[in-house]
$ cat target-v1.txt   # compact mmCIF, C-alpha atoms and all ligand atoms
# COMPACT_ATOMS: atom_id res chain seq x y z
CA MET A 1 37.53 34.86 -5.82
CA ILE A 2 35.16 32.92 -3.60
CA SER A 3 36.20 29.32 -3.10
CA LYS A 4 33.25 27.07 -3.74
CA PRO A 5 32.36 24.46 -1.15
CA TRP A 6 32.83 21.57 -3.53
CA GLN A 7 36.43 22.57 -4.03
CA LEU A 8 36.90 21.78 -0.36
CA LEU A 9 35.15 18.44 -0.72
CA SER A 10 37.41 16.68 -3.15
CA PRO A 11 37.53 12.98 -2.33
CA LEU A 12 39.40 11.99 0.80
CA LEU A 13 40.70 15.47 1.49
CA VAL A 14 38.14 16.44 4.07
CA CYS A 15 36.10 14.49 6.56
CA VAL A 16 32.83 16.11 7.49
CA GLY A 17 31.24 15.48 10.88
CA ALA A 18 27.58 15.10 11.71
CA SER A 19 27.33 18.84 12.16
CA GLY A 20 28.62 19.38 8.64
CA ALA A 21 31.85 20.88 9.94
CA PRO A 22 35.17 19.49 8.78
CA LEU A 23 36.46 16.89 11.24
CA ALA A 24 40.04 16.54 10.16
CA PRO A 25 41.95 16.59 6.96
CA ALA A 26 42.34 13.05 5.75
CA SER A 27 45.29 11.77 3.78
CA ALA A 28 46.53 13.41 0.66
CA GLN A 29 46.06 11.64 -2.65
CA GLY A 30 46.40 8.00 -3.44
CA THR A 31 44.84 4.79 -2.30
CA VAL A 32 43.00 4.51 0.99
CA ALA A 33 42.01 1.25 2.67
CA VAL A 34 38.88 1.01 4.81
CA ARG A 35 39.36 -1.90 7.15
CA ALA A 36 36.51 -3.59 9.03
CA ALA A 37 35.89 -6.85 10.87
CA HIS A 38 33.05 -7.77 8.47
CA VAL A 39 32.03 -6.78 4.96
CA ILE A 40 28.61 -7.42 3.40
CA ASP A 41 29.03 -6.48 -0.26
CA GLY A 42 25.34 -6.06 -1.09
CA THR A 43 25.25 -8.64 -3.87
CA GLY A 44 23.85 -11.33 -1.60
CA ALA A 45 27.24 -13.05 -1.30
CA ALA A 46 28.14 -14.32 2.16
CA ARG A 47 29.68 -11.86 4.59
CA VAL A 48 33.49 -11.84 4.58
CA GLY A 49 36.07 -10.47 6.96
CA PRO A 50 38.14 -9.13 8.32
CA ALA A 51 38.77 -7.27 5.09
CA ALA A 52 39.97 -3.98 3.67
CA VAL A 53 38.25 -2.11 0.87
CA LEU A 54 40.71 -0.23 -1.32
CA ILE A 55 39.60 3.14 -2.66
CA GLU A 56 41.20 5.39 -5.24
CA GLY A 57 39.55 8.80 -5.59
CA ASP A 58 35.80 8.20 -5.51
CA ARG A 59 35.93 4.55 -6.63
CA ILE A 60 36.39 1.14 -5.05
CA THR A 61 39.39 -0.62 -6.56
CA GLY A 62 39.56 -3.85 -4.58
CA ILE A 63 38.74 -5.89 -1.50
CA VAL A 64 41.69 -7.61 0.16
CA ALA A 65 42.65 -9.33 3.38
CA PRO A 66 43.99 -6.79 5.90
CA GLY A 67 47.47 -8.28 5.54
CA GLU A 68 47.41 -7.57 1.81
CA VAL A 69 46.97 -3.81 2.09
CA PRO A 70 49.91 -2.35 0.13
CA ALA A 71 52.56 -0.56 2.15
CA GLY A 72 52.14 3.18 2.48
CA VAL A 73 48.39 3.11 2.00
CA ARG A 74 46.48 5.10 4.57
CA VAL A 75 44.16 2.83 6.55
CA ILE A 76 40.82 3.91 8.02
CA ASP A 77 40.31 1.26 10.68
CA LEU A 78 36.67 0.67 11.59
CA GLY A 79 37.58 -2.00 14.16
CA GLY A 80 34.82 -4.55 14.83
CA ALA A 81 32.27 -2.79 12.60
CA THR A 82 30.37 -4.28 9.68
CA LEU A 83 30.81 -2.45 6.38
CA LEU A 84 27.99 -2.40 3.82
CA PRO A 85 27.21 -0.52 0.61
CA GLY A 86 25.51 2.85 1.05
CA LEU A 87 21.77 2.26 1.34
CA ILE A 88 19.30 3.21 -1.39
CA ASP A 89 15.70 4.31 -0.84
CA LEU A 90 13.50 4.30 -3.96
CA HIS A 91 10.64 6.29 -2.44
CA THR A 92 11.43 9.52 -0.62
CA HIS A 93 10.10 13.06 -0.65
CA LEU A 94 13.06 15.19 0.45
CA SER A 95 11.68 18.63 -0.44
CA GLY A 96 9.33 20.33 1.96
CA SER A 97 8.84 20.73 5.66
CA THR A 98 7.86 17.61 7.54
CA GLU A 99 5.79 19.89 9.78
CA VAL A 100 3.32 20.92 7.09
CA THR A 101 0.96 18.43 5.39
CA TRP A 102 1.33 18.45 1.64
CA GLU A 103 -2.20 19.70 1.04
CA GLU A 104 -1.41 22.80 3.14
CA GLU A 105 2.01 23.44 1.63
CA LEU A 106 0.79 25.35 -1.42
CA VAL A 107 -1.07 27.92 0.64
CA THR A 108 1.27 28.25 3.63
CA THR A 109 4.81 27.88 2.24
CA THR A 110 7.00 28.88 -0.69
CA PRO A 111 9.24 26.85 -3.03
CA GLY A 112 12.27 28.43 -1.37
CA TYR A 113 11.20 27.23 2.04
CA ALA A 114 10.54 23.74 0.66
CA THR A 115 13.98 23.61 -0.91
CA LEU A 116 15.76 24.74 2.25
CA TRP A 117 13.94 22.00 4.15
CA GLY A 118 15.03 19.70 1.34
CA ALA A 119 18.67 20.54 2.02
CA ARG A 120 18.17 19.78 5.69
CA ASN A 121 16.35 16.52 4.90
CA ALA A 122 19.03 15.50 2.42
CA ARG A 123 21.74 15.85 5.08
CA VAL A 124 19.72 13.88 7.62
CA THR A 125 19.08 11.14 5.06
CA LEU A 126 22.74 10.90 4.09
CA GLU A 127 23.85 10.74 7.73
CA ALA A 128 21.38 7.89 8.27
CA GLY A 129 23.33 5.90 5.68
CA PHE A 130 21.20 6.49 2.58
CA THR A 131 23.72 7.59 -0.04
CA THR A 132 21.28 7.32 -2.96
CA VAL A 133 17.57 8.08 -3.14
CA ARG A 134 14.91 8.24 -5.77
CA ASP A 135 12.75 11.23 -4.95
CA MET A 136 9.12 10.67 -5.82
CA GLY A 137 8.39 14.32 -6.13
CA PRO A 138 7.75 17.49 -4.17
CA THR A 139 4.54 19.44 -3.72
CA TRP A 140 6.32 22.54 -5.05
CA PRO A 141 7.33 21.38 -8.54
CA TYR A 142 10.99 20.92 -9.44
CA THR A 143 12.39 21.87 -6.03
CA ASP A 144 13.82 18.32 -6.11
CA VAL A 145 15.65 19.15 -9.33
CA ASP A 146 17.29 22.14 -7.62
CA LEU A 147 18.16 20.02 -4.60
CA ARG A 148 19.70 17.27 -6.76
CA ASN A 149 21.77 19.85 -8.64
CA ALA A 150 22.94 21.58 -5.45
CA ILE A 151 24.05 18.23 -4.00
CA ASP A 152 25.83 17.23 -7.22
CA GLU A 153 27.61 20.61 -7.26
CA GLY A 154 28.76 20.11 -3.65
CA LEU A 155 26.79 23.09 -2.34
CA VAL A 156 24.98 21.03 0.28
CA PRO A 157 25.56 17.49 1.59
CA GLY A 158 23.06 14.84 0.57
CA PRO A 159 22.50 11.56 -1.20
CA ARG A 160 22.73 11.04 -4.94
CA MET A 161 19.25 11.77 -6.22
CA SER A 162 17.08 10.60 -9.07
CA VAL A 163 14.12 12.97 -9.13
CA ALA A 164 10.52 13.08 -10.37
CA GLY A 165 10.27 16.86 -10.85
CA ASN A 166 6.53 17.38 -11.05
CA TYR A 167 4.49 14.24 -10.53
CA VAL A 168 1.71 13.71 -13.00
CA SER A 169 -1.81 13.32 -11.67
CA ALA A 170 -5.38 13.35 -12.92
CA THR A 171 -7.64 16.17 -11.79
CA GLY A 172 -9.24 15.49 -8.44
CA GLY A 173 -7.12 12.50 -7.67
CA ALA A 174 -4.06 11.56 -5.71
CA GLY A 175 -1.42 14.13 -6.49
CA ASP A 176 -3.92 16.97 -7.00
CA ALA A 177 -2.60 19.14 -4.21
CA ARG A 178 -5.00 21.94 -5.08
CA GLN A 179 -7.87 20.58 -3.03
CA PHE A 180 -9.16 24.07 -2.34
CA SER A 181 -12.28 26.03 -3.16
CA ILE A 182 -12.74 26.46 -6.91
CA TYR A 183 -11.95 30.17 -6.34
CA VAL A 184 -8.46 29.35 -5.09
CA ASP A 185 -5.73 28.27 -7.49
CA VAL A 186 -1.94 28.01 -7.52
CA PRO A 187 -1.22 28.57 -11.19
CA VAL A 188 2.48 27.69 -11.06
CA VAL A 189 1.68 24.11 -10.06
CA ARG A 190 0.85 22.50 -13.38
CA ASN A 191 1.02 18.82 -12.50
CA LEU A 192 -2.47 17.83 -13.60
CA ALA A 193 -2.92 16.10 -16.91
CA ASP A 194 -6.13 14.54 -18.24
CA GLY A 195 -6.20 12.55 -21.44
CA VAL A 196 -3.40 10.97 -23.44
CA ASP A 197 -2.26 14.18 -25.15
CA ALA A 198 -2.01 16.04 -21.85
CA VAL A 199 -0.16 13.16 -20.20
CA ARG A 200 2.30 13.03 -23.09
CA ALA A 201 2.86 16.79 -22.78
CA ALA A 202 3.35 16.47 -19.02
CA VAL A 203 6.03 13.82 -19.53
CA ARG A 204 7.84 16.04 -22.02
CA SER A 205 7.64 19.05 -19.68
CA ASN A 206 9.07 17.02 -16.85
CA PHE A 207 12.13 16.05 -18.85
CA LYS A 208 12.47 19.58 -20.26
CA TYR A 209 12.70 20.96 -16.72
CA GLY A 210 15.14 18.41 -15.35
CA ALA A 211 13.29 15.34 -14.05
CA ASP A 212 15.18 12.04 -14.24
CA PHE A 213 12.05 9.90 -14.46
CA VAL A 214 8.30 10.40 -14.42
CA LYS A 215 6.04 9.62 -11.52
CA ILE A 216 2.40 9.08 -12.33
CA LEU A 217 -0.40 8.48 -9.88
CA ALA A 218 -2.28 5.54 -11.33
CA THR A 219 -4.69 5.21 -8.41
CA GLY A 220 -5.97 7.28 -5.55
CA ALA A 221 -3.81 7.86 -2.52
CA VAL A 222 -4.12 7.23 1.18
CA LEU A 223 -3.06 10.71 2.25
CA SER A 224 -5.36 12.63 -0.04
CA ARG A 225 -8.86 14.00 -0.08
CA GLY A 226 -9.34 12.91 -3.69
CA ILE A 227 -10.45 9.67 -5.32
CA PRO A 228 -10.19 6.58 -2.98
CA PRO A 229 -6.84 4.72 -2.96
CA GLY A 230 -8.33 1.53 -4.40
CA ALA A 231 -9.68 3.32 -7.47
CA GLN A 232 -7.76 3.51 -10.74
CA GLN A 233 -7.58 7.23 -11.59
CA TYR A 234 -5.69 7.05 -14.86
CA SER A 235 -7.02 5.04 -17.79
CA ASP A 236 -4.91 2.22 -19.24
CA GLU A 237 -4.27 4.46 -22.26
CA GLU A 238 -3.03 7.38 -20.13
CA ILE A 239 -0.62 5.14 -18.20
CA ALA A 240 0.61 3.51 -21.40
CA VAL A 241 1.31 6.84 -23.11
CA ALA A 242 3.39 8.00 -20.13
CA VAL A 243 5.57 4.91 -20.45
CA GLU A 244 5.76 5.20 -24.24
CA GLU A 245 6.84 8.85 -24.09
CA ALA A 246 9.35 8.28 -21.27
CA ALA A 247 10.85 5.40 -23.25
CA ARG A 248 11.50 7.74 -26.17
CA TRP A 249 13.69 9.74 -23.80
CA GLY A 250 15.35 6.57 -22.53
CA ARG A 251 13.75 7.02 -19.13
CA SER A 252 11.32 5.25 -16.89
CA VAL A 253 8.02 5.70 -15.13
CA ALA A 254 7.27 5.06 -11.49
CA SER A 255 3.63 4.39 -10.78
CA HIS A 256 1.99 5.18 -7.49
CA ALA A 257 -0.62 2.41 -7.30
CA HIS A 258 -2.63 1.02 -4.40
CA GLY A 259 -5.63 -0.63 -6.08
CA ALA A 260 -5.43 -3.94 -7.94
CA GLU A 261 -6.62 -2.63 -11.32
CA GLY A 262 -4.26 0.35 -11.32
CA ILE A 263 -1.40 -1.98 -10.39
CA LYS A 264 -2.14 -4.31 -13.29
CA ALA A 265 -2.63 -1.47 -15.77
CA SER A 266 0.78 -0.12 -14.70
CA ILE A 267 2.49 -3.49 -15.14
CA ARG A 268 0.87 -3.98 -18.56
CA ALA A 269 2.05 -0.52 -19.59
CA GLY A 270 5.62 -1.41 -18.59
CA VAL A 271 6.32 1.02 -15.75
CA ARG A 272 9.62 0.48 -13.93
CA THR A 273 8.13 0.37 -10.46
CA VAL A 274 4.76 -0.15 -8.88
CA ASP A 275 5.08 1.87 -5.69
CA HIS A 276 3.01 0.93 -2.62
CA GLY A 277 1.27 -1.94 -4.48
CA SER A 278 -1.01 -2.32 -1.49
CA MET A 279 -4.00 -4.21 -2.90
CA MET A 280 -2.15 -6.32 -5.46
CA ASP A 281 -4.20 -9.40 -6.38
CA GLU A 282 -2.97 -12.85 -7.47
CA GLU A 283 -3.10 -11.88 -11.13
CA GLY A 284 -0.97 -8.78 -10.47
CA LEU A 285 1.56 -10.83 -8.55
CA ALA A 286 1.75 -13.39 -11.36
CA MET A 287 2.28 -10.57 -13.88
CA LEU A 288 5.17 -9.20 -11.81
CA LEU A 289 6.73 -12.65 -11.47
CA ALA A 290 6.67 -12.96 -15.27
CA SER A 291 7.98 -9.43 -15.89
CA ASP A 292 11.64 -8.53 -16.24
CA ARG A 293 11.02 -4.78 -16.39
CA THR A 294 8.59 -3.93 -13.58
CA PHE A 295 9.36 -4.13 -9.87
CA TYR A 296 7.20 -3.90 -6.76
CA VAL A 297 8.31 -1.28 -4.24
CA PRO A 298 6.17 -1.50 -1.11
CA THR A 299 6.15 1.17 1.59
CA LEU A 300 5.11 -0.59 4.78
CA TYR A 301 6.49 1.39 7.71
CA VAL A 302 4.71 4.58 6.64
CA GLY A 303 1.37 2.81 7.07
CA GLN A 304 2.17 1.95 10.67
CA ILE A 305 3.41 5.39 11.50
CA VAL A 306 0.46 7.25 10.00
CA VAL A 307 -1.95 5.12 12.01
CA ARG A 308 0.08 5.58 15.20
CA ASP A 309 1.30 9.18 14.90
CA GLY A 310 -0.88 10.62 12.14
CA ALA A 311 -2.75 13.02 14.41
CA SER A 312 0.45 14.56 15.75
CA LEU A 313 1.83 14.73 12.19
CA GLY A 314 -1.18 16.92 11.29
CA ILE A 315 -2.76 14.32 9.01
CA PRO A 316 -6.56 14.70 8.73
CA PRO A 317 -8.62 11.98 10.53
CA ALA A 318 -10.23 10.72 7.28
CA GLU A 319 -6.76 10.08 5.82
CA ILE A 320 -5.61 8.28 8.96
CA GLU A 321 -8.65 6.03 8.60
CA ARG A 322 -7.76 5.36 4.95
CA SER A 323 -4.28 4.42 6.08
CA ARG A 324 -5.57 2.05 8.77
CA ARG A 325 -7.64 0.18 6.21
CA MET A 326 -4.82 0.13 3.67
CA ALA A 327 -2.23 -1.14 6.16
CA GLU A 328 -4.11 -4.44 6.41
CA PHE A 329 -3.66 -4.97 2.69
CA ARG A 330 -0.07 -3.76 2.51
CA ASN A 331 1.48 -6.22 4.90
CA ALA A 332 -0.48 -9.18 3.51
CA THR A 333 0.58 -8.29 -0.04
CA PHE A 334 4.21 -8.05 1.04
CA ARG A 335 4.05 -11.49 2.66
CA ARG A 336 2.49 -13.03 -0.46
CA ALA A 337 5.13 -11.46 -2.70
CA LEU A 338 7.87 -12.70 -0.39
CA ALA A 339 6.47 -16.24 -0.35
CA ALA A 340 6.28 -16.17 -4.16
CA GLY A 341 9.99 -15.30 -4.38
CA LEU A 342 9.42 -11.92 -6.07
CA PRO A 343 12.41 -9.54 -5.92
CA ILE A 344 11.07 -6.67 -3.81
CA GLY A 345 12.52 -3.18 -4.16
CA PHE A 346 13.08 -1.05 -1.09
CA GLY A 347 11.19 2.21 -0.55
CA THR A 348 9.79 4.07 2.41
CA ASP A 349 7.81 7.27 1.67
CA ALA A 350 10.15 9.18 4.01
CA GLY A 351 8.85 12.69 4.30
CA VAL A 352 5.46 11.44 5.43
CA PHE A 353 7.39 10.27 8.50
CA PRO A 354 10.64 11.89 9.70
CA HIS A 355 13.62 11.70 7.37
CA GLY A 356 16.42 9.55 8.74
CA ASP A 357 14.03 6.85 9.96
CA ASN A 358 14.17 5.13 6.55
CA ALA A 359 15.85 1.96 7.89
CA ARG A 360 12.83 1.19 10.06
CA GLU A 361 11.30 -0.17 6.86
CA LEU A 362 14.07 -2.81 6.86
CA THR A 363 13.19 -3.78 10.41
CA LEU A 364 9.51 -4.12 9.56
CA ARG A 365 10.28 -6.23 6.48
CA VAL A 366 12.34 -8.62 8.57
CA GLU A 367 9.57 -8.74 11.19
CA LEU A 368 7.19 -9.71 8.36
CA GLY A 369 9.43 -12.65 7.46
CA GLU A 370 12.11 -11.42 5.04
CA PRO A 371 15.61 -12.77 5.76
CA PRO A 372 17.96 -9.93 6.79
CA MET A 373 20.34 -10.58 3.87
CA SER A 374 17.45 -10.31 1.42
CA ALA A 375 16.36 -6.99 2.94
CA ILE A 376 19.94 -5.69 2.71
CA VAL A 377 20.21 -6.76 -0.95
CA ALA A 378 16.90 -5.01 -1.66
CA ALA A 379 18.16 -1.73 -0.21
CA THR A 380 21.49 -1.97 -2.06
CA SER A 381 22.17 -3.92 -5.27
CA LEU A 382 18.56 -4.69 -6.20
CA ASN A 383 17.57 -1.04 -5.83
CA ALA A 384 20.58 -0.02 -7.91
CA ARG A 385 19.44 -2.39 -10.65
CA ILE A 386 15.90 -1.00 -10.52
CA LEU A 387 17.30 2.54 -10.82
CA GLY A 388 19.56 1.50 -13.68
CA TRP A 389 22.52 2.67 -11.58
CA ASP A 390 24.01 -0.77 -10.90
CA ASP A 391 27.13 0.28 -12.80
CA ARG A 392 27.98 2.77 -10.02
CA VAL A 393 26.20 2.13 -6.71
CA GLY A 394 24.65 -0.62 -4.60
CA SER A 395 27.57 -2.98 -4.03
CA ILE A 396 31.08 -3.08 -2.63
CA VAL A 397 32.68 -4.29 -5.82
CA PRO A 398 35.70 -2.90 -7.72
CA GLY A 399 34.65 -0.13 -10.10
CA MET A 400 31.74 1.08 -7.98
CA LEU A 401 31.60 4.48 -6.36
CA ALA A 402 32.93 4.33 -2.80
CA ASP A 403 29.54 4.76 -1.12
CA MET A 404 29.69 2.72 2.09
CA VAL A 405 28.24 2.65 5.58
CA ALA A 406 29.28 0.94 8.78
CA VAL A 407 27.33 -0.30 11.78
CA ALA A 408 28.78 -1.34 15.11
CA GLY A 409 27.04 -4.73 15.37
CA ASP A 410 25.88 -7.56 13.15
CA PRO A 411 22.92 -6.55 10.94
CA LEU A 412 22.34 -10.18 9.94
CA ALA A 413 21.61 -11.03 13.58
CA ASP A 414 19.89 -7.73 14.37
CA ILE A 415 18.57 -5.78 11.40
CA THR A 416 17.90 -2.76 13.64
CA GLU A 417 21.67 -2.13 13.52
CA LEU A 418 20.90 -0.36 10.22
CA GLU A 419 18.76 2.14 12.14
CA ARG A 420 22.03 3.08 13.85
CA VAL A 421 24.45 3.66 10.99
CA ARG A 422 27.57 5.13 12.59
CA TRP A 423 29.87 5.83 9.67
CA VAL A 424 29.07 7.02 6.16
CA MET A 425 31.28 7.47 3.11
CA LYS A 426 29.97 8.94 -0.14
CA GLY A 427 32.19 8.93 -3.20
CA GLY A 428 35.30 8.32 -1.13
CA VAL A 429 34.57 11.15 1.32
CA VAL A 430 33.76 10.32 4.93
CA VAL A 431 30.62 12.32 5.67
CA ARG A 432 29.87 10.89 9.11
CA ASP A 433 32.09 9.25 11.71
CA ALA A 434 30.42 8.33 14.99
CA LEU A 435 31.80 4.81 15.42
CA ARG A 436 34.11 5.68 18.26
ZN ZN A 501 5.10 8.94 -1.76
$ encode --input "target-v1.txt" --output "structure tokens"
Amino acid sequence: MISKPWQLLSPLLVCVGASGAPLAPASAQGTVAVRAAHVIDGTGAARVGPAAVLIEGDRITGIVAPGEVPAGVRVIDLGGATLLPGLIDLHTHLSGSTEVTWEEELVTTTPGYATLWGARNARVTLEAGFTTVRDMGPTWPYTDVDLRNAIDEGLVPGPRMSVAGNYVSATGGAGDARQFSIYVDVPVVRNLADGVDAVRAAVRSNFKYGADFVKILATGAVLSRGIPPGAQQYSDEEIAVAVEEAARWGRSVASHAHGAEGIKASIRAGVRTVDHGSMMDEEGLAMLLASDRTFYVPTLYVGQIVVRDGASLGIPPAEIERSRRMAEFRNATFRRALAAGLPIGFGTDAGVFPHGDNARELTLRVELGEPPMSAIVAATSLNARILGWDDRVGSIVPGMLADMVAVAGDPLADITELERVRWVMKGGVVVRDALR
């Protein structure tokens, strides 16, 4: 009988190095204590330390002073490091090669190729300290579902994933990857839905085939040949029916929205997140401040990188120009939301830029005026709450899954420390150890 990889990956039995190869067998069963000079628990509470986080199996059971670690417990000593919860990115695209633009993918690659790249990207993302991601959808439908399942089964290393499956777009708009001659079609890609009945059917199909949530494209996109990013591409009724149908399944909708009207239509409909949110006006901001169900998830770093490196990333000049214009709005909107005291979710659009660079979004947010602790809370406990996963991830609190990362320095003094995560634990298993 073939022994399956996940049988080798039971919590705390095996440490896996950056290469994916086993480093050393860890302790046998029982409690383990991870000791560090500083602990930031992700809830926004002040940093404590030195401290030891007690772990039993895949769960955190307590945080104690180092002197209170029970006798006989194996200690993983991280020395002067700062321990934080595993980071969460609400806007990634793990499936697909980062060397092919999404509008070329359908004619130059296969779903298998996209999924294999997904496995590679998942490992890179996990090693960068992101132990949970929401995946906003692949170009090849449902390859994210396969990737999520393979990770959950222990076949390949990667973050916990909440996936979009097959994002729902209007014909000719953002998300219509078939921007080819009318004589060219890719029939297996059925992500276009026009009209309320078609949108409702698309939501049902997504859940039938394994999506965790639904992503709709409420407005045009920056990196697209279709309708301009400021334009609302779905009617209020189409957005509302997506939310209504998802709610029947007990699930949520994430709305890609750049333009002000599409943002407001999404908030009125009750989507969980407004992603990008670039051109949000004062009315939209006020609606978000009054809402307890919809969150703003900007993606700021991607705008910078497309303008700077877009040509070498193979992005067409017209789309780079769209991005340059949109970047002016994005940063200003973020600053206004920050000044208004809005809780701001953390997302990146990784996949447009190289996977593993996700934490550069944290750096940019701090450069734009967000206090480091607030940025850390966004990427941990706030994101967990937005996902509805705050009962398992996003904080170093007893009962949570033991998803933790460590950095060598002080991220409150230098947020770029989080671009250099040195140690990663997911579910009680050390998946990266480069502290020493
Ligand atoms: Zn995206």
$ closest_residue --input "target-v1.txt" --among "A:Val431, A:Met280, A:Ile55, A:Leu288" --to "Gly262 of chain A" --atoms "all atoms listed in the file"
A:Met280
$ residues_near_ligand --input "target-v1.txt" --ligand "ligand ZN 501 (chain A)" --cutoff "10 Å" --atoms "all atoms listed in the file" --output "PyMOL selection string"
chain A and resi 90-93+135-138+175+215+217+221-223+256+275-276+299+302+347-352
$ residues_around --input "target-v1.txt" --residues "Asp176 of chain A" --least-positions-apart "6" --cutoff "8 Å" --atoms "all atoms listed in the file" --output "PyMOL selection string"
chain A and resi 169-170+191-192+226
$ closest_residue --input "target-v1.txt" --among "A:Gly259, A:Pro157, A:Gly195, A:Gly356" --to "Pro228 of chain A" --atoms "all atoms listed in the file"
A:Gly259
$ atom_distance --input "target-v1.txt" --atom1 "atom CA of Glu99 of chain A" --atom2 "atom CA of Val421 of chain A"
24.8 Å
$ atom_distance --input "target-v1.txt" --atom1 "atom CA of Ser205 of chain A" --atom2 "atom CA of Asn166 of chain A"
8.9 Å
$ closest_residue --input "target-v1.txt" --among "A:Leu106, A:Ile40, A:Ala247, A:Ala318" --to "Ala177 of chain A" --atoms "all atoms listed in the file"
A:Leu106
$ residues_near_point --input "target-v1.txt" --point "(0.3, 23.4, 1.0)" --cutoff "12 Å" --atoms "all atoms listed in the file" --output "PyMOL selection string"
chain A and resi 96-111+113-114+138-140+176-180+185-186+189
$ closest_residue --input "target-v1.txt" --among "A:Val424, A:Ala33, A:Leu300, A:Val405" --to "Leu364 of chain A" --atoms "all atoms listed in the file"
A:Leu300
$ residues_around --input "target-v1.txt" --residues "segment 330-339 of chain A" --least-positions-apart "5" --cutoff "10 Å" --atoms "all atoms listed in the file" --output "PDB file with C-alpha atoms, in the coordinates of the input"
ATOM      1  CA  HIS A 258      -2.630   1.020  -4.400  1.00  0.00           C
ATOM      2  CA  HIS A 276       3.010   0.930  -2.620  1.00  0.00           C
ATOM      3  CA  GLY A 277       1.270  -1.940  -4.480  1.00  0.00           C
ATOM      4  CA  SER A 278      -1.010  -2.320  -1.490  1.00  0.00           C
ATOM      5  CA  MET A 279      -4.000  -4.210  -2.900  1.00  0.00           C
ATOM      6  CA  MET A 280      -2.150  -6.320  -5.460  1.00  0.00           C
ATOM      7  CA  ASP A 281      -4.200  -9.400  -6.380  1.00  0.00           C
ATOM      8  CA  GLU A 282      -2.970 -12.850  -7.470  1.00  0.00           C
ATOM      9  CA  LEU A 285       1.560 -10.830  -8.550  1.00  0.00           C
ATOM     10  CA  ALA A 286       1.750 -13.390 -11.360  1.00  0.00           C
ATOM     11  CA  LEU A 288       5.170  -9.200 -11.810  1.00  0.00           C
ATOM     12  CA  LEU A 289       6.730 -12.650 -11.470  1.00  0.00           C
ATOM     13  CA  TYR A 296       7.200  -3.900  -6.760  1.00  0.00           C
ATOM     14  CA  VAL A 297       8.310  -1.280  -4.240  1.00  0.00           C
ATOM     15  CA  PRO A 298       6.170  -1.500  -1.110  1.00  0.00           C
ATOM     16  CA  THR A 299       6.150   1.170   1.590  1.00  0.00           C
ATOM     17  CA  LEU A 300       5.110  -0.590   4.780  1.00  0.00           C
ATOM     18  CA  TYR A 301       6.490   1.390   7.710  1.00  0.00           C
ATOM     19  CA  GLY A 303       1.370   2.810   7.070  1.00  0.00           C
ATOM     20  CA  SER A 323      -4.280   4.420   6.080  1.00  0.00           C
ATOM     21  CA  ARG A 325      -7.640   0.180   6.210  1.00  0.00           C
ATOM     22  CA  ILE A 344      11.070  -6.670  -3.810  1.00  0.00           C
ATOM     23  CA  LEU A 364       9.510  -4.120   9.560  1.00  0.00           C
ATOM     24  CA  ARG A 365      10.280  -6.230   6.480  1.00  0.00           C
ATOM     25  CA  LEU A 368       7.190  -9.710   8.360  1.00  0.00           C
ATOM     26  CA  GLY A 369       9.430 -12.650   7.460  1.00  0.00           C
ATOM     27  CA  GLU A 370      12.110 -11.420   5.040  1.00  0.00           C
ATOM     28  CA  PRO A 371      15.610 -12.770   5.760  1.00  0.00           C
TER      29      PRO A 371
END
$ residues_near_point --input "target-v1.txt" --point "(-0.9, 7.0, -24.4)" --cutoff "10 Å" --atoms "all atoms listed in the file" --output "ChimeraX atom specification"
/A:195-200,235-245,269
$ residues_around --input "target-v1.txt" --residues "Leu382 of chain A" --least-positions-apart "4" --cutoff "8 Å" --atoms "all atoms listed in the file" --output "list of chain:residue names"
A:Pro343, A:Gly345, A:Val377, A:Ala378, A:Ile386, A:Gly394
$ closest_residue --input "target-v1.txt" --among "A:Gly220, A:Val73, A:Phe213, A:Ile315" --to "Ala260 of chain A" --atoms "all atoms listed in the file"
A:Gly220
$ atom_distance --input "target-v1.txt" --atom1 "atom CA of Ala246 of chain A" --atom2 "atom CA of Val203 of chain A"
6.7 Å
